[in-house]
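Colleague: File data-v1.csv follows (CSV, C-alpha atoms):
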```csv
chain,number,residue,atom,x,y,z
A,132,MET,CA,-124.2,52.6,54.0
A,133,ILE,CA,-122.3,55.4,55.6
A,134,ASP,CA,-123.8,58.9,55.6
A,135,ILE,CA,-121.6,61.3,53.7
A,136,LYS,CA,-121.1,64.2,56.0
A,137,PRO,CA,-118.5,66.9,56.0
A,138,SER,CA,-117.0,65.3,59.1
A,139,ASN,CA,-117.1,61.9,57.7
A,140,THR,CA,-114.1,61.9,55.3
A,141,LEU,CA,-111.9,59.1,54.1
A,142,ALA,CA,-109.1,60.0,56.5
A,143,ARG,CA,-111.6,59.7,59.5
A,144,LEU,CA,-113.1,56.4,58.6
A,145,SER,CA,-112.8,53.5,61.0
A,146,LEU,CA,-110.2,50.8,60.1
A,147,THR,CA,-112.9,48.4,59.1
A,148,TYR,CA,-114.3,50.7,56.4
A,149,LYS,CA,-110.8,51.6,55.2
A,150,VAL,CA,-109.9,48.0,54.7
A,151,LEU,CA,-113.3,47.3,53.0
A,152,PHE,CA,-112.9,50.3,50.6
A,153,THR,CA,-109.2,49.6,49.9
A,154,GLY,CA,-109.9,46.0,49.0
A,155,PHE,CA,-112.7,47.1,46.6
A,156,LEU,CA,-110.6,49.8,45.0
A,157,LEU,CA,-107.5,47.5,44.6
A,158,VAL,CA,-109.6,44.8,42.9
A,159,ILE,CA,-111.3,47.3,40.6
A,160,GLY,CA,-107.9,48.8,39.8
A,161,VAL,CA,-106.5,45.4,38.8
A,162,GLY,CA,-109.7,44.7,36.9
A,163,LEU,CA,-109.2,47.9,34.9
A,164,MET,CA,-105.7,46.8,34.0
A,165,MET,CA,-106.9,43.3,32.9
A,166,ALA,CA,-109.6,45.0,30.8
A,167,GLY,CA,-106.8,47.1,29.1
A,168,ALA,CA,-104.8,43.9,28.5
A,169,GLN,CA,-107.8,42.2,27.0
A,170,ILE,CA,-108.4,45.1,24.7
A,171,MET,CA,-104.7,44.9,23.6
A,172,LEU,CA,-105.0,41.2,22.9
A,173,THR,CA,-108.4,41.4,20.9
A,174,HIS,CA,-109.2,44.8,19.4
A,175,GLY,CA,-105.6,45.8,19.5
A,176,GLN,CA,-104.6,43.1,17.0
A,177,ALA,CA,-107.4,43.7,14.5
A,178,ASP,CA,-105.0,45.3,12.1
A,179,GLY,CA,-102.2,42.8,12.7
A,180,LYS,CA,-100.0,45.3,14.5
A,181,PRO,CA,-99.3,45.6,18.2
A,182,GLY,CA,-101.0,48.4,20.2
A,183,VAL,CA,-104.5,49.9,19.9
A,184,SER,CA,-104.9,52.2,16.9
A,185,VAL,CA,-107.8,53.9,15.1
A,186,ASN,CA,-107.6,51.2,12.4
A,187,ASP,CA,-108.1,48.5,15.1
A,188,ILE,CA,-111.3,50.3,16.1
A,189,VAL,CA,-112.5,50.6,12.5
A,190,TYR,CA,-111.8,47.0,11.7
A,191,SER,CA,-113.6,45.8,14.9
A,192,TYR,CA,-116.8,47.8,14.3
A,193,TYR,CA,-117.0,49.0,10.7
A,194,GLY,CA,-115.1,46.0,9.4
A,195,ASN,CA,-112.3,45.6,6.8
A,196,ARG,CA,-114.4,45.9,3.6
A,197,SER,CA,-111.4,44.9,1.5
A,198,GLY,CA,-111.5,41.3,2.8
A,199,SER,CA,-113.4,38.8,4.8
A,200,LYS,CA,-113.9,38.6,8.6
A,201,LEU,CA,-111.9,35.3,8.4
A,202,GLU,CA,-109.0,37.1,6.7
A,203,SER,CA,-109.0,39.9,9.2
A,204,MET,CA,-108.9,37.6,12.1
A,205,LEU,CA,-106.1,35.4,10.6
A,206,ASN,CA,-104.0,38.5,10.0
A,207,GLY,CA,-104.9,40.0,13.4
A,208,ALA,CA,-105.9,38.5,16.7
A,209,MET,CA,-105.7,34.8,15.5
A,210,LYS,CA,-102.4,35.2,13.7
A,211,ALA,CA,-100.5,33.1,16.2
A,212,MET,CA,-103.0,30.3,16.1
A,213,ALA,CA,-101.9,28.8,12.8
A,214,PRO,CA,-98.7,28.8,10.7
A,215,ASP,CA,-98.3,31.0,7.7
A,216,GLU,CA,-99.0,28.3,5.1
A,217,VAL,CA,-102.2,27.3,6.9
A,218,ARG,CA,-103.4,31.0,7.1
A,219,PHE,CA,-102.6,31.4,3.4
A,220,GLU,CA,-104.7,28.4,2.5
A,221,LEU,CA,-107.7,29.6,4.5
A,222,ILE,CA,-107.4,33.2,3.2
A,223,GLN,CA,-107.2,32.0,-0.4
A,224,TRP,CA,-110.3,29.8,0.1
A,225,ALA,CA,-112.2,32.7,1.5
A,226,ARG,CA,-111.1,35.0,-1.4
A,227,ASP,CA,-112.3,32.3,-3.8
A,228,GLU,CA,-115.8,32.7,-2.2
A,229,ALA,CA,-115.4,29.7,0.1
A,230,PRO,CA,-116.3,26.8,-2.4
A,231,GLU,CA,-118.0,23.9,-0.7
A,232,LYS,CA,-116.3,21.3,-2.9
A,233,GLU,CA,-113.0,22.1,-1.1
A,234,TRP,CA,-114.4,21.9,2.4
A,235,LYS,CA,-114.3,18.2,3.3
A,236,SER,CA,-111.0,17.4,1.6
A,237,LYS,CA,-108.9,20.5,2.2
A,238,ILE,CA,-110.3,23.1,4.5
A,239,GLU,CA,-112.2,21.2,7.2
A,240,PRO,CA,-109.0,19.3,8.4
A,241,LEU,CA,-107.2,22.7,8.8
A,242,PHE,CA,-110.1,24.0,10.9
A,243,GLN,CA,-110.2,20.8,13.0
A,244,LYS,CA,-106.4,21.1,13.7
A,245,HIS,CA,-106.1,24.8,14.4
A,246,CYS,CA,-109.5,26.3,15.2
A,247,ASP,CA,-112.1,23.8,16.4
A,248,SER,CA,-110.6,23.3,19.9
A,249,CYS,CA,-112.0,26.8,20.7
A,250,HIS,CA,-114.6,27.3,18.0
A,251,ASN,CA,-116.9,24.5,18.7
A,252,ALA,CA,-120.6,23.9,19.6
A,253,GLU,CA,-119.9,24.2,23.4
A,254,ALA,CA,-118.2,27.6,23.1
A,255,THR,CA,-119.8,31.1,23.2
A,256,ILE,CA,-117.8,32.1,20.1
A,257,PRO,CA,-118.8,31.0,16.5
A,258,ASP,CA,-118.9,27.2,15.9
A,259,PHE,CA,-116.5,26.5,13.1
A,260,THR,CA,-117.3,22.7,13.0
A,261,LYS,CA,-120.1,23.7,10.7
A,262,LEU,CA,-119.5,24.9,7.1
A,263,SER,CA,-122.5,27.3,7.3
A,264,ASN,CA,-120.9,29.2,10.2
A,265,VAL,CA,-117.5,29.3,8.5
A,266,LYS,CA,-119.1,30.7,5.2
A,267,LYS,CA,-120.5,33.6,7.2
A,268,VAL,CA,-117.1,34.7,8.3
A,269,ALA,CA,-115.7,34.1,4.9
A,270,GLU,CA,-117.9,36.8,3.5
A,271,VAL,CA,-116.8,40.5,3.2
A,272,ASP,CA,-116.0,41.8,6.7
A,273,GLN,CA,-118.9,44.0,7.8
A,274,GLY,CA,-117.6,44.5,11.3
A,275,ALA,CA,-119.6,43.9,14.4
A,276,SER,CA,-123.2,42.8,13.9
A,277,ILE,CA,-126.2,44.6,15.4
A,278,ALA,CA,-126.8,41.7,17.7
A,279,THR,CA,-123.2,41.8,19.0
A,280,LEU,CA,-123.3,45.6,19.5
A,281,THR,CA,-126.6,45.3,21.4
A,282,ARG,CA,-125.3,42.5,23.7
A,283,VAL,CA,-122.0,44.2,24.4
A,284,SER,CA,-123.6,47.7,24.9
A,285,HIS,CA,-126.0,46.6,27.5
A,286,ILE,CA,-123.4,44.6,29.4
A,287,HIS,CA,-121.0,47.6,29.5
A,288,LEU,CA,-123.7,50.2,30.3
A,289,PHE,CA,-125.2,48.1,33.2
A,290,GLY,CA,-122.0,46.6,34.5
A,291,ILE,CA,-119.4,49.4,34.3
A,292,SER,CA,-121.8,52.0,35.5
A,293,PHE,CA,-122.1,50.1,38.8
A,294,ILE,CA,-118.3,50.1,39.1
A,295,PHE,CA,-118.2,53.9,38.6
A,296,LEU,CA,-121.1,54.3,41.1
A,297,PHE,CA,-119.1,52.7,43.9
A,298,VAL,CA,-115.8,54.3,43.0
A,299,GLY,CA,-117.4,57.7,42.8
A,300,TRP,CA,-119.3,57.1,46.1
A,301,ILE,CA,-116.0,56.3,47.9
A,302,PHE,CA,-114.3,59.3,46.2
A,303,GLY,CA,-117.2,61.5,47.3
A,304,MET,CA,-115.9,61.3,50.9
A,305,ALA,CA,-112.4,62.6,49.8
A,306,GLU,CA,-111.2,66.0,50.9
A,307,TYR,CA,-111.1,67.6,47.4
A,308,ASP,CA,-112.1,70.8,45.7
A,309,LEU,CA,-115.9,70.5,45.3
A,310,ARG,CA,-115.9,71.7,41.7
A,311,TRP,CA,-113.2,69.2,40.6
A,312,LYS,CA,-114.8,66.5,42.7
A,313,ILE,CA,-118.1,66.9,40.8
A,314,ILE,CA,-116.3,66.9,37.5
A,315,LEU,CA,-114.4,63.7,38.3
A,316,VAL,CA,-117.4,61.9,39.6
A,317,ALA,CA,-119.4,62.7,36.4
A,318,THR,CA,-116.6,62.2,33.9
A,319,PRO,CA,-116.6,58.3,33.8
A,320,PHE,CA,-120.4,58.2,33.1
A,321,VAL,CA,-120.2,60.8,30.3
A,322,PHE,CA,-117.2,59.1,28.7
A,323,LEU,CA,-118.8,55.7,29.0
A,324,LEU,CA,-121.8,56.9,27.0
A,325,VAL,CA,-119.4,58.5,24.4
A,326,ASP,CA,-117.6,55.1,24.2
A,327,VAL,CA,-120.7,53.0,23.7
A,328,MET,CA,-122.4,55.4,21.3
A,329,SER,CA,-119.2,55.6,19.2
A,330,TRP,CA,-119.4,51.9,18.6
A,331,TRP,CA,-122.7,52.3,16.9
A,332,LEU,CA,-121.6,55.3,14.9
A,333,THR,CA,-118.4,53.7,13.9
A,334,LYS,CA,-120.4,50.7,12.6
A,335,TYR,CA,-121.7,53.0,9.8
A,336,TYR,CA,-119.2,55.9,9.8
A,337,PRO,CA,-115.5,54.9,10.5
A,338,VAL,CA,-114.5,58.5,11.3
A,339,PHE,CA,-116.2,58.1,14.7
A,340,ALA,CA,-113.6,55.5,15.8
A,341,TRP,CA,-111.7,58.4,17.4
A,342,PHE,CA,-114.5,58.8,19.9
A,343,THR,CA,-114.1,55.2,21.0
A,344,MET,CA,-110.5,55.9,21.9
A,345,ILE,CA,-111.4,59.2,23.6
A,346,GLY,CA,-114.2,57.6,25.6
A,347,GLY,CA,-112.0,54.8,26.9
A,348,PHE,CA,-109.2,57.2,27.7
A,349,GLY,CA,-111.5,59.6,29.5
A,350,TYR,CA,-113.1,57.2,31.9
A,351,SER,CA,-109.9,55.4,32.6
A,352,VAL,CA,-108.1,58.6,33.6
A,353,ALA,CA,-110.9,59.8,35.8
A,354,SER,CA,-111.2,56.4,37.5
A,355,THR,CA,-107.5,56.2,38.1
A,356,VAL,CA,-107.5,59.7,39.7
A,357,MET,CA,-110.4,58.8,42.0
A,358,ILE,CA,-108.9,55.4,43.0
A,359,PHE,CA,-105.4,56.8,43.8
A,360,THR,CA,-106.8,59.9,45.6
A,361,SER,CA,-109.1,57.7,47.8
A,362,LEU,CA,-106.3,55.3,48.7
A,363,MET,CA,-103.9,58.1,49.5
A,364,GLN,CA,-106.3,59.9,51.8
A,365,MET,CA,-107.2,56.7,53.7
A,366,TRP,CA,-103.6,55.6,54.4
A,367,LEU,CA,-101.1,58.4,54.0
A,368,PRO,CA,-100.6,61.1,56.7
A,369,ARG,CA,-102.7,64.2,56.0
A,370,PRO,CA,-99.7,66.6,55.4
A,371,MET,CA,-98.7,64.4,52.4
A,372,TRP,CA,-101.9,65.0,50.4
A,373,TRP,CA,-103.3,68.2,52.1
A,374,PRO,CA,-100.3,70.5,52.7
A,375,LYS,CA,-102.4,73.6,53.2
A,376,GLN,CA,-104.3,73.6,56.4
A,377,THR,CA,-107.5,75.7,56.4
A,378,GLU,CA,-110.0,76.8,59.0
A,379,HIS,CA,-112.9,75.0,57.2
A,380,GLU,CA,-113.3,71.4,56.2
A,381,PRO,CA,-112.9,70.7,52.5
A,382,SER,CA,-116.1,69.6,50.7
```
Show this structure as structure tokens.
Modeller:
Amino acid sequence: MIDIKPSNTLARLSLTYKVLFTGFLLVIGVGLMMAGAQIMLTHGQADGKPGVSVNDIVYSYYGNRSGSKLESMLNGAMKAMAPDEVRFELIQWARDEAPEKEWKSKIEPLFQKHCDSCHNAEATIPDFTKLSNVKKVAEVDQGASIATLTRVSHIHLFGISFIFLFVGWIFGMAEYDLRWKIILVATPFVFLLVDVMSWWLTKYYPVFAWFTMIGGFGYSVASTVMIFTSLMQMWLPRPMWWPKQTEHEPS
């Protein structure tokens, strides 16, 4: 790895490293946009309305205690997967406490037609070919389970922190005010912890859903600033991003 020295700034890197870092930053940037799109298409539809709201976060982690998980999904992210009359039948069945006597004759064929192509034994999502699994989601929606929160938390903390490490390492060679550089490098890690901790708090106290939105917004903004600053300093002429020439090298 390159030693980070005052004379070794992004603008002075060799073409090889500029191409390497640019490729990494562009892929990470696109990845962040895809992550945002994925959130819009999953959590963002939890309340059945477009866009991410506090209610989406509450329904995802605390749950919609007024109905079942099945009902929340059919009115939210899975709304487009079945026509209205089918969703109505499934929701009514769940509200009637999912009677087994209606499973074979009435409900199972609807699941086979509209749900089982994705929700099957070979998928990583719940297997709806079995009544026992369907009855679990037909119960009152308690939000994300402890097992799910544990799995998603460790994936995010390990995986995303490595992304922030390399983005921050590249940005560390930018010519930037030292105080703001330190703040920007630290911000994604702080807000990632806020984000993940808020999932667990929201599971029990829905008011903490605000912190989930704040956490995601905070590390997204900091990462965007670091990525764009790094790309600008590697490829644009110095006067375009450092108009004030000084006698000493920036930190």
Colleague: Find the residue from A:Glu239, A:Glu306, A:Asp258, A:Asp326 that sits nearest to Ser361 of chain A; use all atoms listed in the file when measuring.
Modeller: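 Under the stated criterion, the closest residue is A:Glu306.
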Colleague: Taking a cut-off of 10 Å and counting only C-alpha atoms, can you build a table that, for each residue of segment 260-292 of chain A near segment 331-341 of chain A, reports the nearest atom pair and how far apart they are in Å (one decimal), sorted by chain then residue number, as CSV?
Modeller:
```
residue,atom,partner,partner_atom,distance
A:Gln273,CA,A:Lys334,CA,8.4
A:Gly274,CA,A:Lys334,CA,6.9
A:Ala275,CA,A:Lys334,CA,7.1
A:Ser276,CA,A:Lys334,CA,8.5
A:Ile277,CA,A:Trp331,CA,8.6
A:Leu280,CA,A:Trp331,CA,7.2
A:Thr281,CA,A:Trp331,CA,9.2
A:Ser284,CA,A:Trp331,CA,9.3
```
Colleague: Given all atoms listed in the file as the basis, pick out the residue of A:Ala229, A:Leu323, A:Cys246, A:Ala353 nearest to Ala269 of chain A.
Modeller: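 Closest to Ala269 of chain A of all the choices is A:Ala229.
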Colleague: I'd like to know which of A:Thr279, A:Thr260, A:Ser292, A:Asn251 is closest to Lys235 of chain A, using all atoms listed in the file.
Modeller: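 When distances to Lys235 of chain A are compared using all atoms listed in the file, the smallest one comes from A:Thr260.
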Colleague: For a quick check of your reading of the model, name the residues lying within 9 Å of the coordinate (-111.4, 31.9, 8.6), counting all atoms listed in the file, and write them as a list of chain:residue names.
Modeller: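 Residues lying no farther than 9 Å from the given point: A:Ser199, A:Lys200, A:Leu201, A:Glu202, A:Ser203, A:Met204, A:Leu205, A:Arg218, A:Leu221, A:Ile222, A:Trp224, A:Ala225, A:Phe242, A:Cys246, A:Phe259, A:Val265, A:Lys266, A:Val268, A:Ala269.
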Colleague: Go ahead and compute the interatomic distance for atom CA of His174 of chain A and atom CA of Pro257 of chain A, in Å to one decimal.
Modeller: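 For atom CA of His174 of chain A relative to atom CA of Pro257 of chain A, the distance reads 17.1 Å.
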Colleague: For each of A:Ser248, A:Met165, A:Ser184, A:Asn195, take the minimum atom-to-atom distance to Met212 of chain A, counting only C-alpha atoms, then give the residue where this is smallest.
Modeller: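 Residue with the minimum atom-to-atom distance to Met212 of chain A: A:Ser248.
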Colleague: Using only C-alpha atoms, find the one residue out of A:Val183, A:Met344, A:Val217, A:Met357 that sits nearest to Trp300 of chain A.
Modeller: A:Met357
Colleague: Identify, on the basis of all atoms listed in the file, every residue whose closest approach to Gln364 of chain A does not exceed 9 Å; exclude the query and any residue fewer than 4 positions from it along the same chain; express the result as a ChimeraX atom specification.
Modeller: /A:140-142,305-306,359-360,368-369,371-373
Colleague: Take the residues from that selection and put them in a file with C-alpha atoms, as a PDB file, keeping the file's coordinate frame.
Modeller:
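Output file selection_30.pdb follows:
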```pdb
ATOM      1  CA  THR A 140    -114.100  61.900  55.300  1.00  0.00           C
ATOM      2  CA  LEU A 141    -111.900  59.100  54.100  1.00  0.00           C
ATOM      3  CA  ALA A 142    -109.100  60.000  56.500  1.00  0.00           C
ATOM      4  CA  ALA A 305    -112.400  62.600  49.800  1.00  0.00           C
ATOM      5  CA  GLU A 306    -111.200  66.000  50.900  1.00  0.00           C
ATOM      6  CA  PHE A 359    -105.400  56.800  43.800  1.00  0.00           C
ATOM      7  CA  THR A 360    -106.800  59.900  45.600  1.00  0.00           C
ATOM      8  CA  PRO A 368    -100.600  61.100  56.700  1.00  0.00           C
ATOM      9  CA  ARG A 369    -102.700  64.200  56.000  1.00  0.00           C
ATOM     10  CA  MET A 371     -98.700  64.400  52.400  1.00  0.00           C
ATOM     11  CA  TRP A 372    -101.900  65.000  50.400  1.00  0.00           C
ATOM     12  CA  TRP A 373    -103.300  68.200  52.100  1.00  0.00           C
TER      13      TRP A 373
END
```
Colleague: One number please: atom CA of Val327 of chain A to atom CA of Val271 of chain A, in Å, one decimal.
Modeller: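 Spanning atom CA of Val327 of chain A to atom CA of Val271 of chain A is a straight-line distance of 24.3 Å.
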Colleague: Around the point (-108.2, 53.3, 43.1) in the file's coordinates, collect all residues with an atom within 12 Å, using all atoms listed in the file, and return them as an mmCIF file with C-alpha atoms, keeping the file's coordinate frame.
Modeller:
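Resulting contents of part.cif:
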```
data_model
loop_
_atom_site.group_PDB
_atom_site.id
_atom_site.type_symbol
_atom_site.label_atom_id
_atom_site.label_comp_id
_atom_site.auth_asym_id
_atom_site.auth_seq_id
_atom_site.Cartn_x
_atom_site.Cartn_y
_atom_site.Cartn_z
ATOM 1 C CA PHE A 152 -112.900 50.300 50.600
ATOM 2 C CA THR A 153 -109.200 49.600 49.900
ATOM 3 C CA GLY A 154 -109.900 46.000 49.000
ATOM 4 C CA PHE A 155 -112.700 47.100 46.600
ATOM 5 C CA LEU A 156 -110.600 49.800 45.000
ATOM 6 C CA LEU A 157 -107.500 47.500 44.600
ATOM 7 C CA VAL A 158 -109.600 44.800 42.900
ATOM 8 C CA ILE A 159 -111.300 47.300 40.600
ATOM 9 C CA GLY A 160 -107.900 48.800 39.800
ATOM 10 C CA VAL A 161 -106.500 45.400 38.800
ATOM 11 C CA GLY A 162 -109.700 44.700 36.900
ATOM 12 C CA LEU A 163 -109.200 47.900 34.900
ATOM 13 C CA MET A 164 -105.700 46.800 34.000
ATOM 14 C CA ILE A 294 -118.300 50.100 39.100
ATOM 15 C CA PHE A 295 -118.200 53.900 38.600
ATOM 16 C CA PHE A 297 -119.100 52.700 43.900
ATOM 17 C CA VAL A 298 -115.800 54.300 43.000
ATOM 18 C CA GLY A 299 -117.400 57.700 42.800
ATOM 19 C CA ILE A 301 -116.000 56.300 47.900
ATOM 20 C CA PHE A 302 -114.300 59.300 46.200
ATOM 21 C CA SER A 351 -109.900 55.400 32.600
ATOM 22 C CA VAL A 352 -108.100 58.600 33.600
ATOM 23 C CA ALA A 353 -110.900 59.800 35.800
ATOM 24 C CA SER A 354 -111.200 56.400 37.500
ATOM 25 C CA THR A 355 -107.500 56.200 38.100
ATOM 26 C CA VAL A 356 -107.500 59.700 39.700
ATOM 27 C CA MET A 357 -110.400 58.800 42.000
ATOM 28 C CA ILE A 358 -108.900 55.400 43.000
ATOM 29 C CA PHE A 359 -105.400 56.800 43.800
ATOM 30 C CA THR A 360 -106.800 59.900 45.600
ATOM 31 C CA SER A 361 -109.100 57.700 47.800
ATOM 32 C CA LEU A 362 -106.300 55.300 48.700
ATOM 33 C CA MET A 363 -103.900 58.100 49.500
ATOM 34 C CA GLN A 364 -106.300 59.900 51.800
ATOM 35 C CA MET A 365 -107.200 56.700 53.700
#
```
Colleague: Hey, can you check how far atom CA of Ile314 of chain A sits from atom CA of Ile345 of chain A?
Modeller: 16.6 Å
